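The next block is query00.cif, given as mmCIF, C-alpha atoms; chains and numbers go by the auth columns.
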data_protein
#
loop_
_atom_site.group_PDB
_atom_site.id
_atom_site.type_symbol
_atom_site.label_atom_id
_atom_site.label_comp_id
_atom_site.label_asym_id
_atom_site.label_seq_id
_atom_site.Cartn_x
_atom_site.Cartn_y
_atom_site.Cartn_z
_atom_site.B_iso_or_equiv
_atom_site.auth_seq_id
_atom_site.auth_asym_id
ATOM 1 C CA MET A 1 18.468 56.135 26.163 0.00 8 P
ATOM 2 C CA VAL A 2 15.318 57.360 27.818 0.00 9 P
ATOM 3 C CA THR A 3 13.123 54.740 29.467 0.00 10 P
ATOM 4 C CA LYS A 4 10.342 57.062 30.581 0.00 11 P
ATOM 5 C CA GLN A 5 6.995 56.534 28.979 0.00 12 P
ATOM 6 C CA LEU A 6 6.200 58.810 26.093 0.00 13 P
ATOM 7 C CA SER A 7 3.273 61.200 25.993 0.00 14 P
ATOM 8 C CA GLU A 8 0.275 59.980 24.017 0.00 15 P
ATOM 9 C CA LEU A 9 1.191 62.102 20.985 0.00 16 P
ATOM 10 C CA GLU A 10 4.879 61.158 21.175 0.00 17 P
ATOM 11 C CA GLN A 11 3.847 57.490 21.243 0.00 18 P
ATOM 12 C CA GLU A 12 1.525 57.934 18.258 0.00 19 P
ATOM 13 C CA VAL A 13 4.276 59.654 16.260 0.00 20 P
ATOM 14 C CA MET A 14 6.864 57.053 17.291 0.00 21 P
ATOM 15 C CA ASN A 15 4.503 54.273 16.178 0.00 22 P
ATOM 16 C CA GLU A 16 4.267 55.894 12.741 0.00 23 P
ATOM 17 C CA VAL A 17 8.053 56.251 12.509 0.00 24 P
ATOM 18 C CA TRP A 18 8.445 52.552 13.355 0.00 25 P
ATOM 19 C CA GLU A 19 5.859 51.747 10.699 0.00 26 P
ATOM 20 C CA LEU A 20 7.541 53.915 8.044 0.00 27 P
ATOM 21 C CA ASP A 21 11.122 53.051 9.123 0.00 28 P
ATOM 22 C CA SER A 22 12.377 56.321 7.644 0.00 29 P
ATOM 23 C CA CYS A 23 10.382 59.508 7.289 0.00 30 P
ATOM 24 C CA THR A 24 10.337 63.260 7.027 0.00 31 P
ATOM 25 C CA VAL A 25 8.174 65.623 9.032 0.00 32 P
ATOM 26 C CA ARG A 26 5.908 65.921 5.984 0.00 33 P
ATOM 27 C CA ASP A 27 5.440 62.113 5.832 0.00 34 P
ATOM 28 C CA VAL A 28 4.147 62.063 9.402 0.00 35 P
ATOM 29 C CA VAL A 29 2.079 65.220 8.936 0.00 36 P
ATOM 30 C CA ASN A 30 0.367 63.619 5.935 0.00 37 P
ATOM 31 C CA ILE A 31 -0.613 60.616 8.054 0.00 38 P
ATOM 32 C CA PHE A 32 -1.950 62.719 10.929 0.00 39 P
ATOM 33 C CA THR A 33 -3.720 65.221 8.669 0.00 40 P
ATOM 34 C CA LYS A 34 -6.109 62.453 7.650 0.00 41 P
ATOM 35 C CA THR A 35 -7.121 61.648 11.224 0.00 42 P
ATOM 36 C CA LYS A 36 -6.002 64.276 13.738 0.00 43 P
ATOM 37 C CA GLY A 37 -5.213 67.483 11.867 0.00 44 P
ATOM 38 C CA TYR A 38 -2.042 68.367 13.787 0.00 45 P
ATOM 39 C CA ALA A 39 -0.013 71.302 12.498 0.00 46 P
ATOM 40 C CA TYR A 40 3.306 70.761 10.741 0.00 47 P
ATOM 41 C CA THR A 41 5.120 72.566 13.574 0.00 48 P
ATOM 42 C CA THR A 42 3.554 70.269 16.189 0.00 49 P
ATOM 43 C CA ILE A 43 4.780 67.141 14.420 0.00 50 P
ATOM 44 C CA ALA A 44 8.202 68.717 13.793 0.00 51 P
ATOM 45 C CA THR A 45 8.488 69.510 17.507 0.00 52 P
ATOM 46 C CA ILE A 46 7.495 65.969 18.518 0.00 53 P
ATOM 47 C CA LEU A 47 10.013 64.408 16.109 0.00 54 P
ATOM 48 C CA GLU A 48 12.717 66.705 17.467 0.00 55 P
ATOM 49 C CA ARG A 49 11.826 65.718 21.042 0.00 56 P
ATOM 50 C CA LEU A 50 12.013 62.039 20.132 0.00 57 P
ATOM 51 C CA HIS A 51 15.429 62.706 18.598 0.00 58 P
ATOM 52 C CA GLU A 52 16.583 64.543 21.749 0.00 59 P
ATOM 53 C CA LYS A 53 15.338 61.620 23.874 0.00 60 P
ATOM 54 C CA GLY A 54 17.544 59.281 21.853 0.00 61 P
ATOM 55 C CA LEU A 55 14.793 57.359 20.106 0.00 62 P
ATOM 56 C CA LEU A 56 15.370 58.730 16.602 0.00 63 P
ATOM 57 C CA LYS A 57 18.344 59.345 14.341 0.00 64 P
ATOM 58 C CA LYS A 58 18.224 62.608 12.433 0.00 65 P
ATOM 59 C CA ASP A 59 19.816 62.733 8.983 0.00 66 P
ATOM 60 C CA THR A 60 20.373 66.264 7.693 0.00 67 P
ATOM 61 C CA SER A 61 22.631 65.322 4.779 0.00 68 P
ATOM 62 C CA ALA A 62 19.857 65.561 2.176 0.00 69 P
ATOM 63 C CA PHE A 63 17.653 68.490 1.191 0.00 70 P
ATOM 64 C CA THR A 64 15.041 67.368 3.727 0.00 71 P
ATOM 65 C CA VAL A 65 15.590 66.064 7.255 0.00 72 P
ATOM 66 C CA ALA A 66 14.945 62.340 7.626 0.00 73 P
ATOM 67 C CA PHE A 67 14.218 60.517 10.864 0.00 74 P
ATOM 68 C CA THR A 68 14.807 56.819 11.508 0.00 75 P
ATOM 69 C CA PRO A 69 14.340 54.786 14.680 0.00 76 P
ATOM 70 C CA LYS A 70 17.428 54.185 16.830 0.00 77 P
ATOM 71 C CA ILE A 71 15.638 51.377 18.643 0.00 78 P
ATOM 72 C CA THR A 72 13.034 48.844 17.546 0.00 79 P
ATOM 73 C CA GLN A 73 9.540 48.834 18.941 0.00 80 P
ATOM 74 C CA VAL A 74 10.237 45.503 20.674 0.00 81 P
ATOM 75 C CA GLU A 75 13.451 46.804 22.276 0.00 82 P
ATOM 76 C CA TYR A 76 11.670 49.925 23.470 0.00 83 P
ATOM 77 C CA SER A 77 8.747 47.983 24.926 0.00 84 P
ATOM 78 C CA LYS A 78 11.185 45.708 26.794 0.00 85 P
ATOM 79 C CA LYS A 79 12.950 48.720 28.314 0.00 86 P
ATOM 80 C CA ILE A 80 9.672 50.334 29.352 0.00 87 P
ATOM 81 C CA ALA A 81 8.287 47.100 30.792 0.00 88 P
ATOM 82 C CA SER A 82 11.492 46.469 32.721 0.00 89 P
ATOM 83 C CA SER A 83 11.499 50.002 34.095 0.00 90 P
ATOM 84 C CA LEU A 84 7.830 49.819 35.106 0.00 91 P
ATOM 85 C CA PHE A 85 8.223 46.421 36.752 0.00 92 P
ATOM 86 C CA ASP A 86 11.349 47.504 38.640 0.00 93 P
ATOM 87 C CA LYS A 87 9.553 50.558 39.987 0.00 94 P
ATOM 88 C CA PHE A 88 6.308 48.688 40.721 0.00 95 P
ATOM 89 C CA PHE A 89 7.911 45.747 42.505 0.00 96 P
ATOM 90 C CA GLY A 90 10.493 47.966 44.207 0.00 97 P
ATOM 91 C CA THR A 91 7.824 50.247 45.602 0.00 98 P
ATOM 92 C CA PHE A 92 5.154 47.716 46.578 0.00 99 P
ATOM 93 C CA GLY A 93 7.129 44.478 47.135 0.00 100 P
ATOM 94 C CA ASP A 94 4.994 41.417 47.883 0.00 101 P
ATOM 95 C CA ALA A 95 1.768 43.378 47.432 0.00 102 P
ATOM 96 C CA ALA A 96 2.859 44.073 43.847 0.00 103 P
ATOM 97 C CA ILE A 97 3.454 40.373 43.208 0.00 104 P
ATOM 98 C CA ALA A 98 0.003 39.491 44.541 0.00 105 P
ATOM 99 C CA SER A 99 -1.601 42.268 42.500 0.00 106 P
ATOM 100 C CA PHE A 100 0.244 41.183 39.356 0.00 107 P
ATOM 101 C CA ALA A 101 -0.819 37.548 39.861 0.00 108 P
ATOM 102 C CA GLN A 102 -4.428 38.640 40.294 0.00 109 P
ATOM 103 C CA SER A 103 -4.210 40.736 37.119 0.00 110 P
ATOM 104 C CA ILE A 104 -2.946 37.710 35.185 0.00 111 P
ATOM 105 C CA ALA A 105 -5.931 35.700 36.380 0.00 112 P
ATOM 106 C CA GLU A 106 -8.253 38.343 34.909 0.00 113 P
ATOM 107 C CA LEU A 107 -6.675 38.308 31.431 0.00 114 P
ATOM 108 C CA PRO A 108 -8.475 36.652 28.508 0.00 115 P
ATOM 109 C CA LYS A 109 -7.476 32.986 28.256 0.00 116 P
ATOM 110 C CA HIS A 110 -5.276 33.351 25.135 0.00 117 P
ATOM 111 C CA LYS A 111 -3.333 36.303 26.603 0.00 118 P
ATOM 112 C CA LYS A 112 -2.883 34.496 29.911 0.00 119 P
ATOM 113 C CA GLU A 113 -1.546 31.414 28.103 0.00 120 P
ATOM 114 C CA THR A 114 0.869 33.556 26.053 0.00 121 P
ATOM 115 C CA LEU A 115 2.161 35.351 29.138 0.00 122 P
ATOM 116 C CA LEU A 116 2.607 32.124 31.098 0.00 123 P
ATOM 117 C CA LYS A 117 4.500 30.542 28.171 0.00 124 P
ATOM 118 C CA LEU A 118 6.812 33.565 28.024 0.00 125 P
ATOM 119 C CA LEU A 119 7.455 33.359 31.767 0.00 126 P
ATOM 120 C CA LEU A 120 8.204 29.632 31.562 0.00 127 P
ATOM 121 C CA ASN A 121 10.516 30.105 28.567 0.00 128 P
ATOM 122 C CA HIS A 122 12.300 32.939 30.361 0.00 129 P
ATOM 123 C CA ASP A 123 13.000 30.647 33.347 0.00 130 P
ATOM 124 C CA LYS A 124 14.329 27.916 31.025 0.00 131 P
ATOM 125 C CA ASN A 125 16.720 30.355 29.313 0.00 132 P
ATOM 126 C CA LYS A 126 18.450 31.294 32.580 0.00 133 P
#
Can the structure in the file be given as structure tokens, please?
Amino acid sequence: MVTKQLSELEQEVMNEVWELDSCTVRDVVNIFTKTKGYAYTTIATILERLHEKGLLKKDTSAFTVAFTPKITQVEYSKKIASSLFDKFFGTFGDAAIASFAQSIAELPKHKKETLLKLLLNHDKNK
């Protein structure tokens, strides 16, 4: 399973697949035609890339090809966050911790409270 961040377009397409739960290329094209105007071949290529990266299942048993997520949005975000934190803290050590703490202090109050609750709950679950 890939844990690299997706390109902006790959992320947009993946978000739509998560929203739809199962889709064809045409389903996604119809969504993007309203806002972005991407070509059918562009969306087909992105869906194929997401399949090759292990994020989508591809069902070719029917007349049309259907794509479904192999991983939930929450599972994916956890993998990405873990990968980013490992790299960030591994590269910058204590400076990363100080920077992260400072960033938390700058969050809006409700987001800071949510993050701190999650951190406290995580410690309790160990």
Centre, x/y/z edge lengths, axis-aligned box for range 44-53 of chain P with 3 Å per side, as lines of an AutoDock Vina configuration file:
center_x = 1.6
center_y = 69.3
center_z = 14.6
size_x = 19.7
size_y = 12.6
size_z = 13.8
Å distance separating CA of Lys86 in chain P from CA of Thr98 in chain P, one decimal place: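 So the answer is 18.1 Å.
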Can you pull out every residue within 8 Å of Val24 in chain P, counting all atoms listed in the file, but drop anything in the same chain fewer than 6 positions away, and send it as number ranges by chain? P: 30, 35, 74-76
Using the chain letters and residue numbers of this document, give as an MDAnalysis selection string the residues selected by the PyMOL selection byres ((chain P and resi 29) around 10). chainID P and resid 23:28 30:31 34 63:66 73:76
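CA of Thr71 in chain P lies 12.2 Å from CA of Ala51 in chain P.
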In the coordinates of the file, take the point (-3.1, 56.3, 13.8) and a cut-off of 9 Å; then, counting all atoms listed in the file, name each qualifying protein, DNA or RNA residue as a compact mmCIF listing (two decimals) with C-alpha atoms, in the coordinates of the input.
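Output file point.txt follows:
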# COMPACT_ATOMS: atom_id res chain seq x y z
CA GLU P 19 1.52 57.93 18.26
CA VAL P 20 4.28 59.65 16.26
CA ASN P 22 4.50 54.27 16.18
CA GLU P 23 4.27 55.89 12.74
CA ILE P 38 -0.61 60.62 8.05
CA PHE P 39 -1.95 62.72 10.93
CA THR P 42 -7.12 61.65 11.22
CA LYS P 43 -6.00 64.28 13.74
Give me, please, the distance in Å between CA of Ile111 in chain P and CA of Leu126 in chain P, quoted to one decimal. 11.8 Å
Which residue out of P:Ser68, P:Lys41, P:Val32, P:Gly97 has the minimum interatomic distance to Leu54 in chain P when all atoms listed in the file are used?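 Result for the nearest residue to Leu54 in chain P: P:Val32.
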Residues proximal to (13.3, 47.8, 20.1) were defined as those with any atom within 12 Å of that point in the file's coordinates, counting all atoms listed in the file. Which are they, as number ranges by chain? P: 8, 10, 21-22, 25, 62-63, 76-88
Of P:Ala105, P:Leu16, P:Ala69, P:Leu122, the one nearest to Leu57 in chain P when counting all atoms listed in the file is P:Leu16
